[in-house]
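Student: Dropping in entry00.txt, which is compact mmCIF, C-alpha atoms and all ligand atoms:
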```txt
# COMPACT_ATOMS: atom_id res chain seq x y z
CA MET A 1 -16.32 -18.64 3.49
CA SER A 2 -14.91 -21.02 0.95
CA PHE A 3 -11.18 -21.54 0.62
CA GLN A 4 -11.78 -22.12 -3.10
CA ASN A 5 -12.75 -18.51 -3.77
CA PRO A 6 -10.33 -15.66 -4.30
CA VAL A 7 -10.61 -12.81 -1.79
CA PHE A 8 -11.48 -9.27 -2.86
CA ILE A 9 -10.31 -7.46 0.25
CA PRO A 10 -7.54 -4.91 -0.26
CA GLY A 11 -5.12 -7.04 1.72
CA PRO A 12 -4.21 -9.61 2.72
CA THR A 13 -4.33 -10.63 -0.93
CA ASN A 14 -4.47 -13.99 -2.68
CA ILE A 15 -1.28 -16.00 -2.26
CA PRO A 16 0.01 -17.77 -5.38
CA GLU A 17 0.75 -21.46 -4.87
CA SER A 18 4.46 -20.97 -5.55
CA LEU A 19 4.74 -18.33 -2.82
CA ARG A 20 2.88 -20.48 -0.31
CA LYS A 21 5.42 -23.20 -0.99
CA ALA A 22 8.30 -20.74 -0.68
CA CYS A 23 7.11 -19.70 2.78
CA ASP A 24 6.83 -23.31 3.91
CA MET A 25 10.40 -24.39 4.48
CA PRO A 26 12.46 -26.34 6.98
CA THR A 27 14.23 -24.54 9.79
CA ILE A 28 17.63 -23.16 8.89
CA ASP A 29 20.24 -21.46 11.05
CA HIS A 30 19.28 -17.81 10.78
CA ARG A 31 22.84 -16.76 11.60
CA SER A 32 24.42 -18.65 8.75
CA PRO A 33 25.46 -17.71 5.20
CA LEU A 34 22.48 -19.79 4.07
CA PHE A 35 20.18 -17.14 5.52
CA GLY A 36 22.22 -14.49 3.70
CA GLN A 37 21.23 -16.18 0.45
CA ILE A 38 17.61 -15.32 1.27
CA LEU A 39 18.11 -11.98 3.00
CA HIS A 40 20.32 -10.15 0.52
CA PRO A 41 18.43 -11.04 -2.69
CA ALA A 42 15.14 -10.15 -0.98
CA ARG A 43 16.49 -6.71 -0.05
CA ALA A 44 17.87 -6.21 -3.56
CA GLY A 45 14.54 -7.25 -5.06
CA VAL A 46 12.63 -4.77 -2.91
CA GLN A 47 15.08 -2.01 -3.91
CA LYS A 48 14.34 -2.70 -7.59
CA ILE A 49 10.60 -2.67 -6.98
CA LEU A 50 11.00 0.70 -5.24
CA LYS A 51 12.85 1.91 -8.38
CA SER A 52 15.82 2.92 -6.29
CA ASP A 53 19.57 2.53 -6.70
CA SER A 54 20.45 3.54 -3.19
CA ALA A 55 17.58 3.01 -0.73
CA GLU A 56 18.62 0.98 2.31
CA VAL A 57 15.99 -1.72 2.63
CA PHE A 58 15.06 -3.05 6.08
CA ILE A 59 12.69 -5.92 6.69
CA PHE A 60 11.15 -6.40 10.13
CA PRO A 61 8.94 -9.21 11.46
CA SER A 62 5.90 -6.93 11.73
CA THR A 63 3.29 -5.35 9.45
CA GLY A 64 2.93 -2.07 7.59
CA THR A 65 2.06 -0.35 10.86
CA GLY A 66 5.46 -1.36 12.23
CA GLY A 67 6.93 0.23 9.11
CA TRP A 68 5.29 3.54 10.04
CA GLU A 69 6.82 3.25 13.50
CA THR A 70 10.23 2.44 12.05
CA ALA A 71 10.09 5.60 9.94
CA LEU A 72 9.08 7.86 12.83
CA THR A 73 11.11 6.53 15.74
CA ASN A 74 14.40 6.29 13.89
CA THR A 75 14.42 9.86 12.62
CA LEU A 76 12.44 12.15 14.93
CA SER A 77 12.50 13.54 18.45
CA ALA A 78 9.59 14.27 20.80
CA GLY A 79 7.93 17.57 19.91
CA ASP A 80 9.16 17.56 16.30
CA LYS A 81 6.74 18.98 13.81
CA VAL A 82 5.19 16.75 11.16
CA LEU A 83 2.97 17.86 8.27
CA ALA A 84 0.28 15.40 7.21
CA ALA A 85 -3.03 15.40 5.37
CA ARG A 86 -5.91 13.29 6.67
CA ASN A 87 -8.05 11.98 3.79
CA GLY A 88 -8.94 8.50 5.00
CA MET A 89 -8.52 5.88 7.71
CA PHE A 90 -4.90 5.00 6.98
CA SER A 91 -3.58 8.56 6.87
CA HIS A 92 -5.59 9.07 10.07
CA ARG A 93 -3.90 6.13 11.80
CA TRP A 94 -0.41 7.31 10.88
CA ILE A 95 -1.23 10.75 12.27
CA ASP A 96 -2.56 9.11 15.43
CA MET A 97 0.71 7.18 15.78
CA CYS A 98 2.70 10.41 15.46
CA GLN A 99 0.63 12.02 18.19
CA ARG A 100 1.05 9.04 20.51
CA HIS A 101 4.81 9.37 20.05
CA GLY A 102 4.63 12.98 21.19
CA LEU A 103 5.11 14.52 17.77
CA ASN A 104 3.43 17.79 16.87
CA VAL A 105 1.32 17.12 13.80
CA GLU A 106 0.04 19.89 11.55
CA VAL A 107 -3.01 18.10 10.17
CA VAL A 108 -4.34 19.22 6.81
CA GLU A 109 -7.97 18.06 6.88
CA THR A 110 -8.90 16.84 3.42
CA PRO A 111 -12.28 15.49 2.26
CA TRP A 112 -12.36 11.69 2.16
CA GLY A 113 -12.32 10.81 -1.53
CA GLU A 114 -9.80 13.48 -2.48
CA GLY A 115 -6.06 13.09 -2.93
CA LEU A 116 -3.36 14.75 -0.83
CA PRO A 117 -3.47 18.51 -1.38
CA ALA A 118 0.05 19.26 -2.63
CA ASP A 119 -0.84 22.96 -2.96
CA ARG A 120 -1.78 23.15 0.73
CA TYR A 121 1.44 21.33 1.63
CA GLU A 122 3.33 23.96 -0.34
CA GLU A 123 1.59 26.79 1.56
CA PHE A 124 2.54 25.28 4.94
CA LEU A 125 6.09 24.56 3.84
CA THR A 126 6.60 28.02 2.36
CA ALA A 127 5.27 29.64 5.54
CA ASP A 128 7.62 27.50 7.67
CA THR A 129 10.68 29.68 7.09
CA SER A 130 12.40 28.46 10.27
CA HIS A 131 12.11 24.86 9.04
CA GLU A 132 10.33 23.49 12.08
CA ILE A 133 8.61 20.86 9.97
CA LYS A 134 10.90 17.85 10.00
CA VAL A 135 8.81 15.37 8.05
CA VAL A 136 6.01 15.41 5.51
CA LEU A 137 3.77 12.32 5.53
CA ALA A 138 2.08 11.16 2.35
CA THR A 139 -0.20 8.17 1.95
CA HIS A 140 0.33 7.15 -1.67
CA ASN A 141 -2.80 5.04 -1.89
CA GLU A 142 -5.53 5.64 0.71
CA THR A 143 -6.96 2.13 0.97
CA ALA A 144 -10.08 3.27 2.81
CA THR A 145 -11.33 5.47 -0.02
CA GLY A 146 -9.61 3.99 -3.08
CA VAL A 147 -7.70 7.21 -3.68
CA LYS A 148 -4.25 7.51 -5.21
CA SER A 149 -2.21 10.63 -4.55
CA ASP A 150 0.45 12.34 -6.61
CA ILE A 151 3.71 11.89 -4.72
CA ALA A 152 5.71 13.71 -7.42
CA ALA A 153 3.52 16.75 -6.71
CA VAL A 154 4.31 16.55 -2.99
CA ARG A 155 8.02 16.43 -3.82
CA LYS A 156 7.50 19.47 -6.10
CA ALA A 157 5.84 21.31 -3.20
CA LEU A 158 8.86 20.61 -0.98
CA ASN A 159 11.24 21.78 -3.70
CA ALA A 160 9.19 24.88 -4.53
CA ALA A 161 9.35 25.88 -0.86
CA GLN A 162 13.06 24.96 -0.78
CA HIS A 163 12.20 23.06 2.37
CA PRO A 164 14.54 20.41 3.80
CA ALA A 165 11.85 18.25 5.46
CA LEU A 166 12.00 14.52 4.87
CA LEU A 167 9.29 12.90 2.73
CA PHE A 168 7.81 9.70 4.22
CA VAL A 169 5.48 7.76 1.96
CA ASP A 170 3.03 5.04 2.97
CA GLY A 171 3.04 2.71 0.00
CA VAL A 172 1.48 -0.25 1.80
CA SER A 173 -1.29 -0.69 -0.79
CA SER A 174 0.60 0.68 -3.80
CA ILE A 175 4.16 -0.68 -3.80
CA ALA A 176 4.51 -3.72 -6.09
CA SER A 177 1.10 -3.01 -7.67
CA MET A 178 1.26 0.62 -8.78
CA ASP A 179 4.16 2.66 -10.10
CA PHE A 180 6.37 3.83 -7.24
CA ARG A 181 9.52 5.87 -7.89
CA PHE A 182 11.60 6.17 -4.74
CA ASP A 183 14.56 7.94 -6.35
CA GLU A 184 12.72 10.07 -8.88
CA TRP A 185 10.21 11.36 -6.30
CA GLY A 186 12.89 12.01 -3.71
CA VAL A 187 11.24 9.73 -1.17
CA ASP A 188 13.12 9.51 2.14
CA VAL A 189 11.27 6.63 3.74
CA ALA A 190 8.93 4.26 1.90
CA VAL A 191 6.78 1.88 3.95
CA THR A 192 5.04 -1.30 2.92
CA GLY A 193 4.13 -4.77 4.17
CA SER A 194 4.19 -8.33 2.87
CA GLN A 195 0.45 -9.01 2.51
CA LYS A 196 -0.66 -6.67 -0.26
CA GLY A 197 1.27 -6.19 -3.50
CA PHE A 198 3.82 -8.81 -2.47
CA MET A 199 1.08 -11.47 -2.29
CA LEU A 200 2.40 -13.03 0.94
CA PRO A 201 0.89 -13.66 4.34
CA ALA A 202 1.03 -10.72 6.76
CA GLY A 203 4.15 -10.65 8.90
CA LEU A 204 6.75 -8.34 7.39
CA ALA A 205 7.24 -4.59 7.56
CA ILE A 206 9.30 -3.54 4.55
CA VAL A 207 10.90 -0.09 4.50
CA GLY A 208 13.36 1.81 2.34
CA PHE A 209 15.48 4.63 3.80
CA SER A 210 17.26 7.29 1.73
CA GLN A 211 20.75 8.43 2.72
CA LYS A 212 19.17 11.64 4.01
CA ALA A 213 16.83 9.60 6.23
CA MET A 214 19.82 7.57 7.46
CA GLU A 215 21.51 10.86 8.39
CA ALA A 216 18.41 11.87 10.37
CA THR A 217 18.71 8.70 12.46
CA LYS A 218 21.79 10.28 14.05
CA THR A 219 19.82 13.19 15.50
CA GLY A 220 16.41 11.63 16.19
CA THR A 221 16.02 10.77 19.87
CA LEU A 222 12.66 8.97 20.06
CA PRO A 223 13.12 5.66 21.87
CA ARG A 224 13.53 2.70 19.55
CA THR A 225 14.68 -0.84 20.17
CA PHE A 226 12.87 -3.48 18.10
CA PHE A 227 12.68 -1.15 15.08
CA ASP A 228 16.20 0.31 15.34
CA VAL A 229 17.58 0.39 11.80
CA HIS A 230 21.19 0.51 13.02
CA ASP A 231 20.80 -2.71 14.99
CA MET A 232 19.24 -4.17 11.88
CA ALA A 233 22.03 -2.95 9.59
CA LYS A 234 24.62 -4.43 11.94
CA GLY A 235 22.84 -7.76 11.77
CA TYR A 236 22.65 -7.68 7.98
CA ALA A 237 26.40 -7.24 7.73
CA ASN A 238 26.67 -10.70 9.36
CA ASN A 239 23.86 -12.40 7.40
CA ALA A 240 21.74 -12.07 10.51
CA TYR A 241 19.19 -10.12 12.53
CA PRO A 242 19.31 -8.55 15.97
CA TYR A 243 16.69 -11.22 16.80
CA THR A 244 15.02 -14.12 15.04
CA PRO A 245 13.89 -13.29 11.49
CA ALA A 246 10.74 -14.66 9.84
CA VAL A 247 12.82 -16.84 7.54
CA GLY A 248 9.97 -18.51 5.63
CA LEU A 249 8.29 -15.19 4.90
CA MET A 250 11.58 -13.73 3.75
CA ASN A 251 12.08 -16.67 1.44
CA GLY A 252 8.61 -15.92 0.14
CA LEU A 253 9.52 -12.26 -0.31
CA ASN A 254 12.60 -13.19 -2.28
CA GLN A 255 10.47 -15.31 -4.61
CA ALA A 256 7.73 -12.68 -4.80
CA CYS A 257 10.26 -10.11 -6.00
CA ASP A 258 11.49 -12.55 -8.67
CA MET A 259 7.92 -13.21 -9.72
CA LEU A 260 7.10 -9.49 -10.04
CA LEU A 261 10.37 -8.65 -11.79
CA ASN A 262 9.95 -11.57 -14.20
CA GLU A 263 6.47 -10.39 -15.11
CA GLY A 264 8.04 -6.96 -15.54
CA LEU A 265 7.09 -4.07 -13.26
CA GLU A 266 5.44 -2.12 -16.06
CA ASN A 267 3.38 -5.21 -16.95
CA VAL A 268 2.40 -5.64 -13.30
CA PHE A 269 1.22 -2.02 -13.18
CA ALA A 270 -0.60 -2.38 -16.53
CA ARG A 271 -2.35 -5.53 -15.29
CA HIS A 272 -3.52 -3.75 -12.15
CA HIS A 273 -4.73 -0.80 -14.20
CA ARG A 274 -6.59 -3.05 -16.63
CA ILE A 275 -8.28 -5.05 -13.88
CA ALA A 276 -9.22 -1.83 -12.06
CA GLU A 277 -10.68 -0.30 -15.23
CA GLY A 278 -12.90 -3.36 -15.63
CA VAL A 279 -14.14 -2.98 -12.05
CA ARG A 280 -14.79 0.71 -12.67
CA ALA A 281 -16.70 -0.11 -15.88
CA ALA A 282 -18.90 -2.41 -13.78
CA VAL A 283 -19.48 0.28 -11.16
CA GLY A 284 -20.57 2.66 -13.91
CA ALA A 285 -22.94 0.06 -15.37
CA TRP A 286 -24.50 -0.42 -11.92
CA GLY A 287 -25.21 3.30 -11.83
CA LEU A 288 -23.09 3.64 -8.70
CA GLU A 289 -20.25 6.01 -7.91
CA LEU A 290 -16.81 5.62 -6.48
CA CYS A 291 -15.77 7.34 -3.28
CA ALA A 292 -12.76 8.66 -5.23
CA ALA A 293 -13.63 12.15 -6.37
CA ASP A 294 -12.38 12.04 -9.96
CA PRO A 295 -10.44 9.86 -12.41
CA THR A 296 -7.08 11.48 -11.59
CA VAL A 297 -7.22 9.88 -8.12
CA TYR A 298 -8.72 6.49 -9.01
CA SER A 299 -6.73 3.74 -7.33
CA ASP A 300 -5.66 0.74 -9.37
CA THR A 301 -5.57 -1.50 -6.29
CA VAL A 302 -8.88 -0.89 -4.53
CA SER A 303 -12.27 0.60 -5.40
CA ALA A 304 -14.51 2.01 -2.67
CA ILE A 305 -18.04 2.02 -4.06
CA ARG A 306 -20.76 4.25 -2.68
CA THR A 307 -24.18 2.68 -2.21
CA PRO A 308 -27.46 4.64 -2.27
CA SER A 309 -28.25 6.63 0.89
CA GLY A 310 -30.35 4.69 3.38
CA PHE A 311 -28.67 1.44 2.36
CA ASN A 312 -26.04 -0.09 4.64
CA ALA A 313 -23.08 -0.93 2.38
CA THR A 314 -21.70 -3.32 5.00
CA ASP A 315 -24.69 -5.62 4.34
CA ILE A 316 -23.14 -6.43 0.96
CA VAL A 317 -19.95 -7.59 2.63
CA THR A 318 -21.77 -9.68 5.23
CA HIS A 319 -24.08 -11.23 2.65
CA ALA A 320 -21.21 -12.03 0.25
CA ALA A 321 -19.39 -13.87 3.03
CA GLU A 322 -22.44 -15.76 4.28
CA LYS A 323 -24.10 -16.71 1.01
CA TYR A 324 -21.27 -16.92 -1.51
CA GLY A 325 -18.12 -17.38 0.58
CA VAL A 326 -16.49 -14.31 -0.91
CA ALA A 327 -14.73 -11.51 0.96
CA PHE A 328 -15.08 -7.82 0.14
CA GLY A 329 -13.88 -4.89 2.23
CA VAL A 330 -16.15 -2.89 4.52
CA GLY A 331 -16.15 0.89 4.70
CA LEU A 332 -13.91 2.30 7.44
CA GLY A 333 -14.22 5.38 9.64
CA GLU A 334 -16.15 8.25 8.08
CA VAL A 335 -17.35 6.11 5.18
CA ALA A 336 -18.39 3.06 7.26
CA GLY A 337 -21.75 1.81 5.96
CA LYS A 338 -21.56 4.20 3.02
CA VAL A 339 -19.12 2.26 0.85
CA PHE A 340 -18.00 -1.28 0.28
CA ARG A 341 -14.62 -2.03 -1.20
CA ILE A 342 -13.44 -4.35 -3.92
CA GLY A 343 -9.75 -5.04 -3.50
CA HIS A 344 -8.12 -5.76 -6.86
CA LEU A 345 -4.45 -6.10 -6.18
CA GLY A 346 -1.85 -8.78 -6.02
CA SER A 347 -2.28 -12.18 -7.61
CA LEU A 348 -5.30 -11.49 -9.78
CA THR A 349 -6.34 -11.91 -13.42
CA ASP A 350 -9.17 -10.42 -15.49
CA VAL A 351 -11.09 -13.68 -15.13
CA MET A 352 -10.72 -13.73 -11.35
CA ALA A 353 -11.87 -10.11 -11.21
CA LEU A 354 -15.00 -11.06 -13.17
CA SER A 355 -15.94 -13.54 -10.45
CA GLY A 356 -15.73 -10.79 -7.84
CA ILE A 357 -17.77 -8.39 -9.94
CA ALA A 358 -20.39 -11.12 -10.52
CA THR A 359 -20.58 -11.83 -6.78
CA ALA A 360 -20.96 -8.17 -5.82
CA GLU A 361 -23.71 -7.93 -8.39
CA MET A 362 -25.58 -10.97 -7.04
CA CYS A 363 -25.36 -9.57 -3.52
CA MET A 364 -26.71 -6.17 -4.51
CA VAL A 365 -29.62 -7.75 -6.38
CA ASP A 366 -30.29 -10.13 -3.45
CA LEU A 367 -30.40 -7.12 -1.13
CA GLY A 368 -32.89 -5.27 -3.29
CA LEU A 369 -30.75 -2.66 -4.96
CA ASN A 370 -32.05 -1.61 -8.36
CA ILE A 371 -29.31 -3.23 -10.39
CA GLN A 372 -29.61 -5.33 -13.53
CA LEU A 373 -28.10 -8.77 -13.05
CA GLY A 374 -25.20 -9.14 -15.47
CA SER A 375 -24.84 -5.44 -16.23
CA GLY A 376 -21.56 -4.91 -14.42
CA VAL A 377 -20.16 -8.23 -15.55
CA ALA A 378 -21.00 -7.39 -19.17
CA ALA A 379 -19.35 -3.97 -18.93
CA ALA A 380 -16.21 -5.49 -17.46
CA GLN A 381 -16.23 -8.30 -20.05
CA GLU A 382 -16.38 -5.73 -22.84
CA TYR A 383 -13.47 -3.87 -21.28
CA TYR A 384 -11.34 -6.97 -20.78
CA ARG A 385 -12.10 -8.28 -24.31
CA GLY A 386 -10.79 -5.06 -25.76
CA HIS A 387 -7.83 -4.65 -23.46
CA SER A 388 -6.43 -8.10 -22.79
CA ALA A 389 -2.73 -8.53 -22.08
CA ALA A 390 -2.51 -10.69 -25.22
CA VAL A 391 -3.96 -7.90 -27.37
CA GLN A 392 -1.42 -5.46 -25.97
CA LYS A 393 1.40 -7.87 -26.73
CA ASP A 394 0.22 -8.34 -30.34
CA ALA A 395 0.00 -4.61 -30.84
CA ALA A 396 3.51 -4.07 -29.51
C1 LIG B 401 -2.95 -2.06 5.03
C2 LIG B 401 -2.45 -0.68 5.15
C3 LIG B 401 -1.72 -0.23 6.26
C4 LIG B 401 -1.54 -1.07 7.49
O1 LIG B 401 -0.78 -2.13 7.26
P1 LIG B 401 -0.78 -3.38 8.30
O2 LIG B 401 0.07 -4.33 7.55
O3 LIG B 401 -2.19 -3.81 8.45
O4 LIG B 401 -0.18 -2.90 9.55
C5 LIG B 401 -1.21 1.03 6.25
N1 LIG B 401 -1.42 1.85 5.23
C6 LIG B 401 -2.13 1.50 4.14
C7 LIG B 401 -2.32 2.47 3.04
C8 LIG B 401 -2.67 0.22 4.08
O5 LIG B 401 -3.38 -0.13 3.01
```
Please rewrite the model in this file as structure tokens.
Tutor:
Amino acid sequence: MSFQNPVFIPGPTNIPESLRKACDMPTIDHRSPLFGQILHPARAGVQKILKSDSAEVFIFPSTGTGGWETALTNTLSAGDKVLAARNGMFSHRWIDMCQRHGLNVEVVETPWGEGLPADRYEEFLTADTSHEIKVVLATHNETATGVKSDIAAVRKALNAAQHPALLFVDGVSSIASMDFRFDEWGVDVAVTGSQKGFMLPAGLAIVGFSQKAMEATKTGTLPRTFFDVHDMAKGYANNAYPYTPAVGLMNGLNQACDMLLNEGLENVFARHHRIAEGVRAAVGAWGLELCAADPTVYSDTVSAIRTPSGFNATDIVTHAAEKYGVAFGVGLGEVAGKVFRIGHLGSLTDVMALSGIATAEMCMVDLGLNIQLGSGVAAAQEYYRGHSAAVQKDAA
């Protein structure tokens, strides 16, 4: 690997120089007002990025997985029923966590490559007249398959069934890169981490709780200590934590929020869409297909690309690392060996994306796939020439 090259894994993502500097700071007293000057703006920034006026934002020294655990253990009791679709490795892992906590998960098996089936959710919710289902889980962006789901449709399903279950959304690979509407979608807990859209090193679990989710913390009896949101809230009131916070990372988060909000959230989302469209143009030119079933579910943060049968897609990832010092994502779970992934989120430009597309192309040609060198690059170049941010600005 070369430290000079950008990474094309779907997290951790490339860290902008300014954020690396923000994370690298001298020790301060983490129980002082000085820490409050990092903590409170960081929480306010996250709230804005969630498009929420009221979400209570909690930040734990952890990762996205700790965010899942925060959501579950603060609101639920052993034996509670949870409704969740499994359509990839990350939805699978959240379901697995529920089961290990003694929750009773109604799993809606969904083909990998498809989005969450809101219609099936509605059937289960409508049938659940005694309201045993306490929580509905929804993975907004399934990072294993490059599939985006329609969270507004899941909210509609809950409303259509007039069901009071809470809506928990995994936004680990969407928040801060793709449009996320906490308030509008009626999200009760949103989960993310520091190392994807926020462009920071791994080390923070970032969650938003609705007032309804905060109410549920009063009845949930699952054991919780490290991830107890009430301990955390008590700490925040005194510019502190119940334990030692990751101060440098939180300083980075504060700056990352400023960076994203200064670019403008809609511009951030448009940039991710544009970069993703260029990658997809390349995939088309290679004659390959995405794992994502159709354009309505194409993810703007990661593309999982199917390789011809009989070919081990993981070889591309290994070869890229060994020969060119570039990182792509391997296929996970059911699609291991069948897909490789190009992560295109975080601190990335059209020009950086072209280098990743060019590398993937060299690897596939090196490994004997019937692909024309330059074909994907040219398709992406054509797309980026016609859709540059500058062109959009001029047109506006
Ligand atoms: C990366 C990711 C996770 C896990 O996050 P960690 O920070 O690795 O714990 C969960 N869900 C999705 C959708 C992800 O992309």
Student: Return the single residue from A:Ala78, A:Ala152, A:Leu204, A:Met25 that is closest to ligand LIG 401 (chain B), with distances computed using all atoms listed in the file.
Tutor: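 Smallest separation from ligand LIG 401 (chain B) among the options: A:Leu204.
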Student: Rank A:Met89, A:Ala313, A:Ala55, A:Ala292 by their smallest atom-to-atom distance to ligand LIG 401 (chain B), using all atoms listed in the file, and report the top residue only.
Tutor: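 Residue with the minimum atom-to-atom distance to ligand LIG 401 (chain B): A:Met89.
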Student: May I have the residues within 7 Å of ligand LIG 401 (chain B), computed using all atoms listed in the file, as a VMD selection string?
Tutor: chain A and resid 11 63 to 66 90 139 141 to 143 170 to 173 193 195 202
Student: For those residues, write C-alpha atoms to a file as a JSON list (two decimals), in the frame of the given file.
Tutor:
```
[["chain", "number", "residue", "atom", "x", "y", "z"],
["A", 11, "GLY", "CA", -5.12, -7.04, 1.72],
["A", 63, "THR", "CA", 3.29, -5.35, 9.45],
["A", 64, "GLY", "CA", 2.93, -2.07, 7.59],
["A", 65, "THR", "CA", 2.06, -0.35, 10.86],
["A", 66, "GLY", "CA", 5.46, -1.36, 12.23],
["A", 90, "PHE", "CA", -4.90, 5.00, 6.98],
["A", 139, "THR", "CA", -0.20, 8.17, 1.95],
["A", 141, "ASN", "CA", -2.80, 5.04, -1.89],
["A", 142, "GLU", "CA", -5.53, 5.64, 0.71],
["A", 143, "THR", "CA", -6.96, 2.13, 0.97],
["A", 170, "ASP", "CA", 3.03, 5.04, 2.97],
["A", 171, "GLY", "CA", 3.04, 2.71, 0.00],
["A", 172, "VAL", "CA", 1.48, -0.25, 1.80],
["A", 173, "SER", "CA", -1.29, -0.69, -0.79],
["A", 193, "GLY", "CA", 4.13, -4.77, 4.17],
["A", 195, "GLN", "CA", 0.45, -9.01, 2.51],
["A", 202, "ALA", "CA", 1.03, -10.72, 6.76]]
```
Student: Using all atoms listed in the file, which of the listed residues (A:Met364, A:Leu369, A:Ile206, A:Val147) sits closest to Val297 (chain A)?
Tutor: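 Closest to Val297 (chain A) of all the choices is A:Val147.
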Student: What is the CA of Thr318 (chain A)-CA of Val279 (chain A) distance in Å, reported with one decimal?
Tutor: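 Spanning CA of Thr318 (chain A) to CA of Val279 (chain A) is a straight-line distance of 20.0 Å.
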Student: May I have the residues within 12 Å of region 332-338 of chain A as a PDB file with C-alpha atoms, keeping the file's coordinate frame, using all atoms listed in the file and disregarding those fewer than 2 positions away in the same chain?
Tutor:
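In the end it all went to selection_0.pdb:
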```pdb
ATOM      1  CA  ARG A  86      -5.910  13.290   6.670  1.00  0.00           C
ATOM      2  CA  ASN A  87      -8.050  11.980   3.790  1.00  0.00           C
ATOM      3  CA  GLY A  88      -8.940   8.500   5.000  1.00  0.00           C
ATOM      4  CA  MET A  89      -8.520   5.880   7.710  1.00  0.00           C
ATOM      5  CA  PHE A  90      -4.900   5.000   6.980  1.00  0.00           C
ATOM      6  CA  SER A  91      -3.580   8.560   6.870  1.00  0.00           C
ATOM      7  CA  HIS A  92      -5.590   9.070  10.070  1.00  0.00           C
ATOM      8  CA  ARG A  93      -3.900   6.130  11.800  1.00  0.00           C
ATOM      9  CA  PRO A 111     -12.280  15.490   2.260  1.00  0.00           C
ATOM     10  CA  TRP A 112     -12.360  11.690   2.160  1.00  0.00           C
ATOM     11  CA  GLY A 113     -12.320  10.810  -1.530  1.00  0.00           C
ATOM     12  CA  GLU A 142      -5.530   5.640   0.710  1.00  0.00           C
ATOM     13  CA  THR A 143      -6.960   2.130   0.970  1.00  0.00           C
ATOM     14  CA  ALA A 144     -10.080   3.270   2.810  1.00  0.00           C
ATOM     15  CA  THR A 145     -11.330   5.470  -0.020  1.00  0.00           C
ATOM     16  CA  GLY A 146      -9.610   3.990  -3.080  1.00  0.00           C
ATOM     17  CA  LEU A 288     -23.090   3.640  -8.700  1.00  0.00           C
ATOM     18  CA  GLU A 289     -20.250   6.010  -7.910  1.00  0.00           C
ATOM     19  CA  LEU A 290     -16.810   5.620  -6.480  1.00  0.00           C
ATOM     20  CA  CYS A 291     -15.770   7.340  -3.280  1.00  0.00           C
ATOM     21  CA  ALA A 292     -12.760   8.660  -5.230  1.00  0.00           C
ATOM     22  CA  ALA A 304     -14.510   2.010  -2.670  1.00  0.00           C
ATOM     23  CA  ILE A 305     -18.040   2.020  -4.060  1.00  0.00           C
ATOM     24  CA  ARG A 306     -20.760   4.250  -2.680  1.00  0.00           C
ATOM     25  CA  THR A 307     -24.180   2.680  -2.210  1.00  0.00           C
ATOM     26  CA  PRO A 308     -27.460   4.640  -2.270  1.00  0.00           C
ATOM     27  CA  SER A 309     -28.250   6.630   0.890  1.00  0.00           C
ATOM     28  CA  GLY A 310     -30.350   4.690   3.380  1.00  0.00           C
ATOM     29  CA  PHE A 311     -28.670   1.440   2.360  1.00  0.00           C
ATOM     30  CA  ASN A 312     -26.040  -0.090   4.640  1.00  0.00           C
ATOM     31  CA  ALA A 313     -23.080  -0.930   2.380  1.00  0.00           C
ATOM     32  CA  THR A 314     -21.700  -3.320   5.000  1.00  0.00           C
ATOM     33  CA  ASP A 315     -24.690  -5.620   4.340  1.00  0.00           C
ATOM     34  CA  ILE A 316     -23.140  -6.430   0.960  1.00  0.00           C
ATOM     35  CA  VAL A 317     -19.950  -7.590   2.630  1.00  0.00           C
ATOM     36  CA  THR A 318     -21.770  -9.680   5.230  1.00  0.00           C
ATOM     37  CA  GLY A 329     -13.880  -4.890   2.230  1.00  0.00           C
ATOM     38  CA  VAL A 330     -16.150  -2.890   4.520  1.00  0.00           C
ATOM     39  CA  PHE A 340     -18.000  -1.280   0.280  1.00  0.00           C
ATOM     40  CA  ARG A 341     -14.620  -2.030  -1.200  1.00  0.00           C
TER      41      ARG A 341
END
```
Student: Enter the distance from CA of Met362 (chain A) to CA of Val377 (chain A), in Å, rounded to one decimal.
Tutor: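 Separating CA of Met362 (chain A) from CA of Val377 (chain A) is a distance of 10.5 Å.
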Student: Please indicate the distance in Å from CA of Gly248 (chain A) to CA of Thr192 (chain A), rounded to one decimal place.
Tutor: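 For CA of Gly248 (chain A) relative to CA of Thr192 (chain A), the distance reads 18.1 Å.
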Student: Write out as number ranges by chain which residues come within 8 Å of Leu76 (chain A) when counting all atoms listed in the file, dropping same-chain ones fewer than 5 positions away.
Tutor: A: 134, 216-217, 219-222
Student: Export C-alpha atoms of the chosen residues as a compact mmCIF listing (two decimals), in the coordinates of the input?
Tutor:
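The resulting selection21.txt:
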```txt
# COMPACT_ATOMS: atom_id res chain seq x y z
CA LYS A 134 10.90 17.85 10.00
CA ALA A 216 18.41 11.87 10.37
CA THR A 217 18.71 8.70 12.46
CA THR A 219 19.82 13.19 15.50
CA GLY A 220 16.41 11.63 16.19
CA THR A 221 16.02 10.77 19.87
CA LEU A 222 12.66 8.97 20.06
```
Student: Which is closest to Gly203 (chain A) among A:Ser62, A:Thr349, A:Ser2, A:Thr129, if we use all atoms listed in the file?
Tutor: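 Distance minimum relative to Gly203 (chain A) lands on A:Ser62.
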